[in-house]
>>> print(open('data_36.cif').read())   # mmCIF, C-alpha atoms and all ligand atoms
data_coords
loop_
_atom_site.group_PDB
_atom_site.id
_atom_site.type_symbol
_atom_site.label_atom_id
_atom_site.label_comp_id
_atom_site.auth_asym_id
_atom_site.auth_seq_id
_atom_site.Cartn_x
_atom_site.Cartn_y
_atom_site.Cartn_z
ATOM 1 C CA MET A 1106 122.561 89.665 82.870
ATOM 2 C CA SER A 1107 122.237 88.515 86.520
ATOM 3 C CA ILE A 1108 118.779 87.708 87.872
ATOM 4 C CA LEU A 1109 118.831 90.848 90.047
ATOM 5 C CA GLU A 1110 119.615 92.961 86.977
ATOM 6 C CA GLU A 1111 116.869 91.168 85.060
ATOM 7 C CA ILE A 1112 114.300 92.031 87.764
ATOM 8 C CA ARG A 1113 115.523 95.634 87.785
ATOM 9 C CA LYS A 1114 114.968 95.812 84.009
ATOM 10 C CA ASN A 1115 111.465 94.317 84.311
ATOM 11 C CA VAL A 1116 110.506 96.883 86.963
ATOM 12 C CA PHE A 1117 111.869 99.596 84.678
ATOM 13 C CA ASP A 1118 109.828 98.142 81.774
ATOM 14 C CA GLY A 1119 106.763 97.840 84.034
ATOM 15 C CA ASP A 1120 106.262 94.129 83.356
ATOM 16 C CA GLU A 1121 104.333 92.927 86.427
ATOM 17 C CA ASN A 1122 104.073 89.247 85.541
ATOM 18 C CA ASN A 1123 107.707 88.787 84.629
ATOM 19 C CA THR A 1124 108.783 90.752 87.706
ATOM 20 C CA VAL A 1125 106.872 88.466 90.060
ATOM 21 C CA GLU A 1126 108.056 85.289 88.315
ATOM 22 C CA LEU A 1127 111.672 86.457 88.431
ATOM 23 C CA VAL A 1128 111.388 87.482 92.093
ATOM 24 C CA LYS A 1129 110.192 83.965 92.951
ATOM 25 C CA LYS A 1130 113.015 82.478 90.875
ATOM 26 C CA ALA A 1131 115.593 84.695 92.593
ATOM 27 C CA LEU A 1132 114.336 83.565 96.001
ATOM 28 C CA ASP A 1133 114.607 79.935 94.865
ATOM 29 C CA GLU A 1134 118.175 80.650 93.813
ATOM 30 C CA GLY A 1135 118.972 81.891 97.318
ATOM 31 C CA LYS A 1136 118.802 85.666 96.927
ATOM 32 C CA THR A 1137 117.427 87.382 100.032
ATOM 33 C CA ALA A 1138 114.256 89.486 100.073
ATOM 34 C CA GLN A 1139 116.344 92.496 101.156
ATOM 35 C CA GLU A 1140 118.787 92.085 98.257
ATOM 36 C CA ILE A 1141 115.932 91.838 95.758
ATOM 37 C CA LEU A 1142 114.249 94.878 97.270
ATOM 38 C CA ASP A 1143 117.331 97.103 97.281
ATOM 39 C CA GLU A 1144 119.191 95.983 94.175
ATOM 40 C CA SER A 1145 116.269 95.237 91.866
ATOM 41 C CA LEU A 1146 112.978 96.866 92.861
ATOM 42 C CA VAL A 1147 114.108 100.202 94.286
ATOM 43 C CA ALA A 1148 116.872 100.445 91.654
ATOM 44 C CA GLY A 1149 114.376 99.746 88.837
ATOM 45 C CA LEU A 1150 112.059 102.496 90.067
ATOM 46 C CA ARG A 1151 114.987 104.878 90.367
ATOM 47 C CA ASP A 1152 115.899 104.133 86.721
ATOM 48 C CA CYS A 1153 112.272 104.801 85.804
ATOM 49 C CA GLY A 1154 112.382 108.219 87.532
ATOM 50 C CA ALA A 1155 115.587 109.068 85.668
ATOM 51 C CA GLY A 1156 113.870 108.082 82.395
ATOM 52 C CA PHE A 1157 110.927 110.347 83.246
ATOM 53 C CA GLU A 1158 113.284 113.236 83.946
ATOM 54 C CA LYS A 1159 114.958 112.770 80.547
ATOM 55 C CA GLY A 1160 111.578 112.707 78.801
ATOM 56 C CA GLU A 1161 111.971 109.042 77.832
ATOM 57 C CA LYS A 1162 109.243 107.768 80.176
ATOM 58 C CA PHE A 1163 105.738 109.052 80.788
ATOM 59 C CA ILE A 1164 103.246 108.841 83.654
ATOM 60 C CA PRO A 1165 101.436 105.661 82.534
ATOM 61 C CA GLU A 1166 104.827 103.935 82.329
ATOM 62 C CA MET A 1167 105.845 105.170 85.794
ATOM 63 C CA LEU A 1168 102.558 103.743 87.016
ATOM 64 C CA LEU A 1169 103.296 100.341 85.458
ATOM 65 C CA SER A 1170 106.738 100.319 87.074
ATOM 66 C CA SER A 1171 105.262 101.181 90.468
ATOM 67 C CA GLU A 1172 102.623 98.436 90.053
ATOM 68 C CA SER A 1173 105.378 95.916 89.296
ATOM 69 C CA MET A 1174 107.125 96.923 92.497
ATOM 70 C CA LYS A 1175 103.882 96.615 94.475
ATOM 71 C CA VAL A 1176 103.032 93.095 93.261
ATOM 72 C CA ALA A 1177 106.599 91.981 93.940
ATOM 73 C CA MET A 1178 106.266 93.347 97.488
ATOM 74 C CA VAL A 1179 103.276 91.032 98.060
ATOM 75 C CA VAL A 1180 105.769 88.167 97.709
ATOM 76 C CA LEU A 1181 108.606 89.807 99.648
ATOM 77 C CA LYS A 1182 106.798 91.474 102.567
ATOM 78 C CA PRO A 1183 106.020 88.275 104.530
ATOM 79 C CA LEU A 1184 109.675 87.259 104.185
ATOM 80 C CA LEU A 1185 110.894 90.649 105.390
ATOM 81 C CA LEU A 1186 108.550 90.432 108.380
ATOM 82 C CA GLU A 1187 109.598 86.916 109.410
ATOM 83 C CA GLY A 1188 110.542 86.758 113.083
ATOM 84 C CA SER A 1189 109.595 90.351 113.958
ATOM 85 C CA GLY A 1190 107.725 90.924 117.226
ATOM 86 C CA ILE A 1191 105.255 93.590 116.109
ATOM 87 C CA GLY A 1192 104.372 96.205 118.715
ATOM 88 C CA GLY A 1193 107.266 95.786 121.154
ATOM 89 C CA ALA A 1194 109.283 98.731 119.865
ATOM 90 C CA GLY A 1195 106.476 101.303 119.995
ATOM 91 C CA LYS A 1196 103.723 102.733 117.823
ATOM 92 C CA ALA A 1197 103.985 104.693 114.583
ATOM 93 C CA VAL A 1198 101.516 106.542 112.391
ATOM 94 C CA LEU A 1199 102.706 106.998 108.802
ATOM 95 C CA ALA A 1200 101.260 109.127 106.020
ATOM 96 C CA THR A 1201 102.156 110.727 102.728
ATOM 97 C CA VAL A 1202 101.060 114.345 103.046
ATOM 98 C CA GLU A 1203 98.053 115.853 101.300
ATOM 99 C CA GLY A 1204 98.368 116.425 97.563
ATOM 100 C CA ASP A 1205 100.976 113.698 97.069
ATOM 101 C CA VAL A 1206 100.007 110.259 95.735
ATOM 102 C CA HIS A 1207 103.428 108.592 96.049
ATOM 103 C CA ASP A 1208 103.172 105.756 98.556
ATOM 104 C CA ILE A 1209 105.796 103.142 97.680
ATOM 105 C CA GLY A 1210 108.552 104.618 99.847
ATOM 106 C CA LEU A 1211 106.078 105.035 102.704
ATOM 107 C CA GLU A 1212 105.070 101.354 102.373
ATOM 108 C CA LEU A 1213 108.713 100.360 102.615
ATOM 109 C CA VAL A 1214 109.256 102.503 105.696
ATOM 110 C CA GLY A 1215 106.149 100.839 107.213
ATOM 111 C CA THR A 1216 107.447 97.363 106.434
ATOM 112 C CA MET A 1217 110.883 98.120 107.903
ATOM 113 C CA PHE A 1218 109.292 99.621 111.035
ATOM 114 C CA GLU A 1219 107.195 96.460 111.446
ATOM 115 C CA THR A 1220 110.284 94.317 110.920
ATOM 116 C CA ALA A 1221 111.899 96.274 113.761
ATOM 117 C CA GLY A 1222 108.915 95.631 116.065
ATOM 118 C CA PHE A 1223 106.880 98.831 115.673
ATOM 119 C CA GLU A 1224 103.088 98.659 115.453
ATOM 120 C CA VAL A 1225 102.306 100.679 112.347
ATOM 121 C CA ARG A 1226 99.180 102.493 111.191
ATOM 122 C CA ASN A 1227 99.901 103.302 107.576
ATOM 123 C CA MET A 1228 97.406 105.932 106.428
ATOM 124 C CA GLY A 1229 98.604 105.769 102.826
ATOM 125 C CA PRO A 1230 99.020 108.622 100.342
ATOM 126 C CA ASP A 1231 97.368 112.049 100.060
ATOM 127 C CA VAL A 1232 96.280 112.285 103.705
ATOM 128 C CA PRO A 1233 94.716 115.577 104.865
ATOM 129 C CA THR A 1234 96.578 117.204 107.738
ATOM 130 C CA GLU A 1235 93.506 117.093 110.009
ATOM 131 C CA ASP A 1236 93.250 113.293 109.509
ATOM 132 C CA ILE A 1237 96.864 112.878 110.630
ATOM 133 C CA VAL A 1238 96.155 114.958 113.742
ATOM 134 C CA GLU A 1239 93.034 112.863 114.417
ATOM 135 C CA ALA A 1240 95.022 109.615 114.083
ATOM 136 C CA VAL A 1241 97.640 110.895 116.531
ATOM 137 C CA LYS A 1242 94.863 111.775 118.995
ATOM 138 C CA GLU A 1243 93.332 108.305 118.663
ATOM 139 C CA ASP A 1244 96.420 106.097 118.515
ATOM 140 C CA LYS A 1245 98.856 108.079 120.689
ATOM 141 C CA PRO A 1246 101.852 106.898 118.639
ATOM 142 C CA HIS A 1247 105.479 107.517 119.604
ATOM 143 C CA ILE A 1248 106.445 108.340 116.022
ATOM 144 C CA VAL A 1249 104.663 110.190 113.218
ATOM 145 C CA GLY A 1250 106.370 109.557 109.870
ATOM 146 C CA LEU A 1251 105.584 111.963 107.032
ATOM 147 C CA SER A 1252 106.515 111.317 103.429
ATOM 148 C CA ALA A 1253 106.632 113.704 100.439
ATOM 149 C CA LEU A 1254 108.036 113.032 96.968
ATOM 150 C CA LEU A 1255 107.205 116.356 95.351
ATOM 151 C CA SER A 1256 109.010 119.633 95.979
ATOM 152 C CA ASN A 1257 105.646 121.391 96.394
ATOM 153 C CA THR A 1258 104.133 118.876 98.854
ATOM 154 C CA MET A 1259 107.222 119.070 101.103
ATOM 155 C CA ASP A 1260 105.753 122.386 102.189
ATOM 156 C CA VAL A 1261 102.768 120.618 103.750
ATOM 157 C CA MET A 1262 105.096 119.017 106.317
ATOM 158 C CA PRO A 1263 105.558 122.154 108.476
ATOM 159 C CA ASP A 1264 101.750 122.609 108.407
ATOM 160 C CA VAL A 1265 101.329 119.138 109.927
ATOM 161 C CA ILE A 1266 103.872 119.947 112.641
ATOM 162 C CA GLU A 1267 102.072 123.206 113.389
ATOM 163 C CA ALA A 1268 98.675 121.454 113.465
ATOM 164 C CA LEU A 1269 100.039 118.899 115.958
ATOM 165 C CA ALA A 1270 101.284 121.768 118.131
ATOM 166 C CA ASP A 1271 97.928 123.582 117.898
ATOM 167 C CA ALA A 1272 96.186 120.374 119.039
ATOM 168 C CA GLY A 1273 98.530 120.149 122.053
ATOM 169 C CA LEU A 1274 100.095 116.925 120.750
ATOM 170 C CA ARG A 1275 103.553 118.061 119.671
ATOM 171 C CA ASP A 1276 105.412 117.119 122.876
ATOM 172 C CA SER A 1277 104.004 113.609 123.067
ATOM 173 C CA VAL A 1278 105.190 112.498 119.639
ATOM 174 C CA LYS A 1279 108.377 112.508 117.564
ATOM 175 C CA VAL A 1280 107.969 113.638 113.976
ATOM 176 C CA MET A 1281 110.146 112.042 111.294
ATOM 177 C CA VAL A 1282 110.163 113.266 107.711
ATOM 178 C CA GLY A 1283 111.446 111.690 104.502
ATOM 179 C CA GLY A 1284 111.022 111.217 100.779
ATOM 180 C CA ALA A 1285 113.380 111.874 97.876
ATOM 181 C CA PRO A 1286 113.424 115.721 97.962
ATOM 182 C CA VAL A 1287 113.463 115.946 101.782
ATOM 183 C CA LYS A 1288 116.877 116.422 103.379
ATOM 184 C CA GLN A 1289 118.254 116.858 106.908
ATOM 185 C CA ASP A 1290 118.515 120.645 106.592
ATOM 186 C CA PHE A 1291 114.844 120.877 105.595
ATOM 187 C CA ALA A 1292 113.910 118.668 108.563
ATOM 188 C CA ASP A 1293 115.873 121.002 110.861
ATOM 189 C CA GLU A 1294 114.355 124.092 109.296
ATOM 190 C CA ILE A 1295 110.751 122.938 109.859
ATOM 191 C CA GLY A 1296 111.372 121.665 113.397
ATOM 192 C CA ALA A 1297 110.989 117.930 112.668
ATOM 193 C CA ASP A 1298 112.669 115.595 115.171
ATOM 194 C CA GLY A 1299 114.262 113.280 112.644
ATOM 195 C CA TRP A 1300 114.997 112.532 109.014
ATOM 196 C CA ALA A 1301 116.307 109.467 107.255
ATOM 197 C CA TYR A 1302 117.533 108.867 103.733
ATOM 198 C CA ASP A 1303 115.803 105.512 103.304
ATOM 199 C CA ALA A 1304 113.662 102.898 105.012
ATOM 200 C CA ALA A 1305 116.638 100.990 106.431
ATOM 201 C CA SER A 1306 118.213 104.046 108.091
ATOM 202 C CA ALA A 1307 114.769 105.218 109.282
ATOM 203 C CA VAL A 1308 114.649 102.299 111.744
ATOM 204 C CA PRO A 1309 117.611 103.216 114.016
ATOM 205 C CA LYS A 1310 116.492 106.849 113.893
ATOM 206 C CA ALA A 1311 112.957 105.880 114.980
ATOM 207 C CA LYS A 1312 114.351 103.756 117.810
ATOM 208 C CA GLU A 1313 116.593 106.619 118.953
ATOM 209 C CA LEU A 1314 113.628 109.030 118.976
ATOM 210 C CA ARG A 1315 111.344 106.503 120.685
ATOM 211 C CA ALA A 1316 113.912 106.184 123.486
ATOM 212 C CA GLN A 1317 113.649 109.929 124.145
ATOM 213 C CA LEU A 1318 109.961 109.566 125.103
ATOM 214 C CA PRO A 1319 108.673 108.181 128.401
ATOM 215 C CA ASP A 1320 107.132 104.647 128.362
HETATM 216 C C1 LIG B 1401 106.488 105.806 90.756
HETATM 217 C C2 LIG B 1401 106.410 107.308 90.610
HETATM 218 C C3 LIG B 1401 105.147 107.874 90.403
HETATM 219 C C4 LIG B 1401 103.854 107.066 90.479
HETATM 220 C C5 LIG B 1401 103.511 106.888 91.992
HETATM 221 C C6 LIG B 1401 102.809 105.567 92.269
HETATM 222 C C7 LIG B 1401 102.732 105.289 93.753
HETATM 223 N N1 LIG B 1401 101.690 104.567 94.114
HETATM 224 O O1 LIG B 1401 103.569 105.681 94.571
HETATM 225 C C8 LIG B 1401 102.869 108.005 89.711
HETATM 226 C C9 LIG B 1401 102.893 107.622 88.244
HETATM 227 C C10 LIG B 1401 101.434 107.998 90.215
HETATM 228 C C11 LIG B 1401 103.570 109.355 89.873
HETATM 229 C C12 LIG B 1401 102.901 110.561 89.724
HETATM 230 C C13 LIG B 1401 103.558 111.787 89.712
HETATM 231 N N2 LIG B 1401 104.861 112.018 89.798
HETATM 232 CO CO1 LIG B 1401 106.110 110.624 90.322
HETATM 233 N N3 LIG B 1401 107.512 109.432 90.506
HETATM 234 C C14 LIG B 1401 107.580 108.129 90.655
HETATM 235 C C15 LIG B 1401 109.060 107.657 90.747
HETATM 236 C C16 LIG B 1401 109.463 107.088 89.379
HETATM 237 C C17 LIG B 1401 109.387 106.615 91.795
HETATM 238 C C18 LIG B 1401 108.987 106.984 93.240
HETATM 239 C C19 LIG B 1401 109.218 105.779 94.100
HETATM 240 O O2 LIG B 1401 108.299 105.034 94.419
HETATM 241 N N4 LIG B 1401 110.500 105.513 94.426
HETATM 242 C C20 LIG B 1401 110.920 104.307 95.143
HETATM 243 C C21 LIG B 1401 110.820 104.507 96.638
HETATM 244 C C22 LIG B 1401 111.292 103.232 97.344
HETATM 245 O O3 LIG B 1401 111.690 105.558 96.976
HETATM 246 P P1 LIG B 1401 111.193 106.860 97.780
HETATM 247 O O4 LIG B 1401 109.768 107.108 97.488
HETATM 248 O O5 LIG B 1401 112.180 107.947 97.553
HETATM 249 O O6 LIG B 1401 111.235 106.391 99.292
HETATM 250 C C23 LIG B 1401 112.448 106.096 99.993
HETATM 251 C C24 LIG B 1401 113.083 107.322 100.699
HETATM 252 O O7 LIG B 1401 112.763 108.537 100.066
HETATM 253 C C25 LIG B 1401 112.623 107.219 102.111
HETATM 254 N N5 LIG B 1401 111.327 107.763 102.525
HETATM 255 C C26 LIG B 1401 110.192 107.961 101.825
HETATM 256 N N6 LIG B 1401 109.220 108.396 102.622
HETATM 257 C C27 LIG B 1401 109.717 108.492 103.860
HETATM 258 C C28 LIG B 1401 109.146 108.891 105.060
HETATM 259 C C29 LIG B 1401 109.905 108.885 106.220
HETATM 260 C C30 LIG B 1401 109.301 109.298 107.514
HETATM 261 C C31 LIG B 1401 111.280 108.514 106.165
HETATM 262 C C32 LIG B 1401 112.105 108.576 107.379
HETATM 263 C C33 LIG B 1401 111.864 108.110 104.955
HETATM 264 C C34 LIG B 1401 111.081 108.086 103.824
HETATM 265 O O8 LIG B 1401 112.569 105.809 102.321
HETATM 266 C C35 LIG B 1401 112.008 105.207 101.155
HETATM 267 C C36 LIG B 1401 112.433 103.778 101.049
HETATM 268 O O9 LIG B 1401 113.828 103.599 101.085
HETATM 269 C C37 LIG B 1401 109.779 109.008 91.110
HETATM 270 C C38 LIG B 1401 111.257 109.087 90.700
HETATM 271 C C39 LIG B 1401 112.200 109.092 91.888
HETATM 272 N N7 LIG B 1401 113.464 109.104 91.591
HETATM 273 O O10 LIG B 1401 111.814 109.117 93.046
HETATM 274 C C40 LIG B 1401 108.879 110.036 90.404
HETATM 275 C C41 LIG B 1401 108.794 111.489 90.935
HETATM 276 C C42 LIG B 1401 108.779 111.520 92.444
HETATM 277 N N8 LIG B 1401 107.511 111.949 90.406
HETATM 278 C C43 LIG B 1401 107.562 113.159 89.993
HETATM 279 C C44 LIG B 1401 106.455 113.875 89.445
HETATM 280 C C45 LIG B 1401 106.751 115.248 88.893
HETATM 281 C C46 LIG B 1401 105.171 113.302 89.445
HETATM 282 C C47 LIG B 1401 103.887 113.987 88.962
HETATM 283 C C48 LIG B 1401 103.711 115.468 89.408
HETATM 284 C C49 LIG B 1401 103.842 113.872 87.430
HETATM 285 C C50 LIG B 1401 102.721 114.627 86.775
HETATM 286 N N9 LIG B 1401 103.114 115.565 85.950
HETATM 287 O O11 LIG B 1401 101.572 114.371 87.024
HETATM 288 C C51 LIG B 1401 102.799 113.074 89.550
HETATM 289 C C52 LIG B 1401 102.388 113.558 90.972
HETATM 290 C C53 LIG B 1401 101.012 113.235 91.354
HETATM 291 C C54 LIG B 1401 100.776 113.648 92.805
HETATM 292 N N10 LIG B 1401 99.873 114.598 93.008
HETATM 293 O O12 LIG B 1401 101.406 113.149 93.716
HETATM 294 C C55 LIG B 1401 108.946 113.783 90.174
HETATM 295 C C56 LIG B 1401 108.964 114.755 91.355
HETATM 296 C C57 LIG B 1401 109.799 115.998 91.081
HETATM 297 C C58 LIG B 1401 109.754 116.900 92.259
HETATM 298 N N11 LIG B 1401 110.870 116.950 92.992
HETATM 299 O O13 LIG B 1401 108.773 117.534 92.552
HETATM 300 C C59 LIG B 1401 109.840 112.525 90.302
HETATM 301 C C60 LIG B 1401 111.104 112.743 91.165
HETATM 302 C C61 LIG B 1401 110.237 112.093 88.866
HETATM 303 C C62 LIG B 1401 111.249 113.027 88.231
HETATM 304 N N12 LIG B 1401 112.529 112.619 88.236
HETATM 305 O O14 LIG B 1401 110.907 114.062 87.780
HETATM 306 N N13 LIG B 1401 104.858 109.198 90.147
#
>>> encode(input="data_36.cif", output="structure tokens")
Amino acid sequence: MSILEEIRKNVFDGDENNTVELVKKALDEGKTAQEILDESLVAGLRDCGAGFEKGEKFIPEMLLSSESMKVAMVVLKPLLLEGSGIGGAGKAVLATVEGDVHDIGLELVGTMFETAGFEVRNMGPDVPTEDIVEAVKEDKPHIVGLSALLSNTMDVMPDVIEALADAGLRDSVKVMVGGAPVKQDFADEIGADGWAYDAASAVPKAKELRAQLPD
């Protein structure tokens, strides 16, 4: 088994300590932070989700897998951020919508945005709509990124867009949506400005949307 496969298995098994040790070893062996992230951490969590769907994994185990990913990110994040000029590309406010506690994908989007030079306020998971509106009022970001991992919390996204419009903020900000169940057609349907499949493809989309706003 290659070291990347070994890390993937340890994330799947939810073994925090081994995951971190193996991540450090992989870096020593010359693997890049991005490779480890994509091929081991995200893949391991995806396997875990598939196990949950088949009834082979349960919530406490999903939690252990997500914790393993999070501790590994403590090692990888500084490497991913190396050389990025934070703030030059614009400002972003990110949140997972109310009722949804999934925040790993959102964290990754935040890290990739920072790598690309965005100044990011990551509000974390389960954020009430009115708090998102308040943050947009305060920070005046170019981009608002909304995440949802549950089919029922996706439906909070149009409420956030409506609340931004009601507060007179909709024209000053570009709204991006994402998360595993969220697709381009849903984004179009709810009047979001952009969607991206993953954190890597969210960056060019955010830059494209940022360019449509005045300085
Ligand atoms: C880890 C996990 C958990 C952890 C979350 C820990 C945490 N701090 O995040 C815990 C154990 C708490 C959990 C709880 C639950 N979970 Co859960 N969970 C997962 C799991 C295994 C992995 C999610 C993850 O982190 N993926 C890795 C990241 C990197 O991927 P991602 O989140 O998709 O993000 C990427 C893209 O989507 C995109 N993206 C994400 N956000 C955004 C935002 C923007 C703006 C953009 C552009 C892009 C973008 O970029 C990201 C990076 O590339 C998934 C399985 C899966 N396949 O997704 C199930 C899953 C999401 N969970 C599920 C369920 C059902 C639940 C529970 C309801 C279970 C229960 N019965 O209680 C609860 C929900 C509690 C709640 N109210 O939110 C289902 C959802 C089904 C559905 N469609 O509704 C899934 C799909 C599992 C399954 N196959 O059934 N879960």
>>> resolve_selection(input="data_36.cif", expression="the PyMOL selection byres (((not hetatm)) within 6 of (chain B and resi 1401))", output="PyMOL selection string")
chain A and resi 1147+1150-1151+1153-1155+1157-1158+1164+1167-1168+1171+1204-1211+1213-1214+1250-1252+1254-1256+1281-1286+1300-1304+1307
>>> residues_near_point(input="data_36.cif", point="(110.8, 102.1, 113.1)", cutoff="12 Å", atoms="only C-alpha atoms", output="ChimeraX atom specification")
/A:1189,1191-1199,1211,1213-1226,1246-1250,1279-1281,1299-1301,1303-1316
>>> residues_around(input="data_36.cif", residues="region 1110-1124 of chain A", least_positions_apart="4", cutoff="8 Å", atoms="all atoms listed in the file", output="number ranges by chain")
A: 1106, 1128, 1144-1146, 1148-1150, 1152-1153, 1166-1174, 1176-1177
>>> closest_residue(input="data_36.cif", among="A:Gly1296, A:Gly1156, A:Pro1319, A:Pro1230", to="Ile1266 (chain A)", atoms="all atoms listed in the file")
A:Gly1296
>>> resolve_selection(input="data_36.cif", expression="the PyMOL selection byres (((chain A and resi 1185) around 10) and not hetatm)", output="compact mmCIF listing (two decimals) with C-alpha atoms, in the frame of the given file")
# COMPACT_ATOMS: atom_id res chain seq x y z
CA THR A 1137 117.43 87.38 100.03
CA ALA A 1138 114.26 89.49 100.07
CA GLN A 1139 116.34 92.50 101.16
CA LEU A 1142 114.25 94.88 97.27
CA MET A 1178 106.27 93.35 97.49
CA VAL A 1180 105.77 88.17 97.71
CA LEU A 1181 108.61 89.81 99.65
CA LYS A 1182 106.80 91.47 102.57
CA PRO A 1183 106.02 88.28 104.53
CA LEU A 1184 109.68 87.26 104.18
CA LEU A 1186 108.55 90.43 108.38
CA GLU A 1187 109.60 86.92 109.41
CA GLY A 1188 110.54 86.76 113.08
CA SER A 1189 109.60 90.35 113.96
CA THR A 1216 107.45 97.36 106.43
CA MET A 1217 110.88 98.12 107.90
CA GLU A 1219 107.20 96.46 111.45
CA THR A 1220 110.28 94.32 110.92
>>> atom_distance(input="data_36.cif", atom1="CA of Ala1270 (chain A)", atom2="CA of Glu1243 (chain A)")
15.6 Å
>>> residues_around(input="data_36.cif", residues="region 1267-1269 of chain A", least_positions_apart="6", cutoff="12 Å", atoms="only C-alpha atoms", output="ChimeraX atom specification")
/A:1233-1242,1245,1249,1260-1261,1275-1280,1295-1297
>>> atom_distance(input="data_36.cif", atom1="CA of Val1202 (chain A)", atom2="CA of Val1232 (chain A)")
5.2 Å
>>> atom_distance(input="data_36.cif", atom1="CA of Ala1292 (chain A)", atom2="CA of Asp1244 (chain A)")
23.7 Å
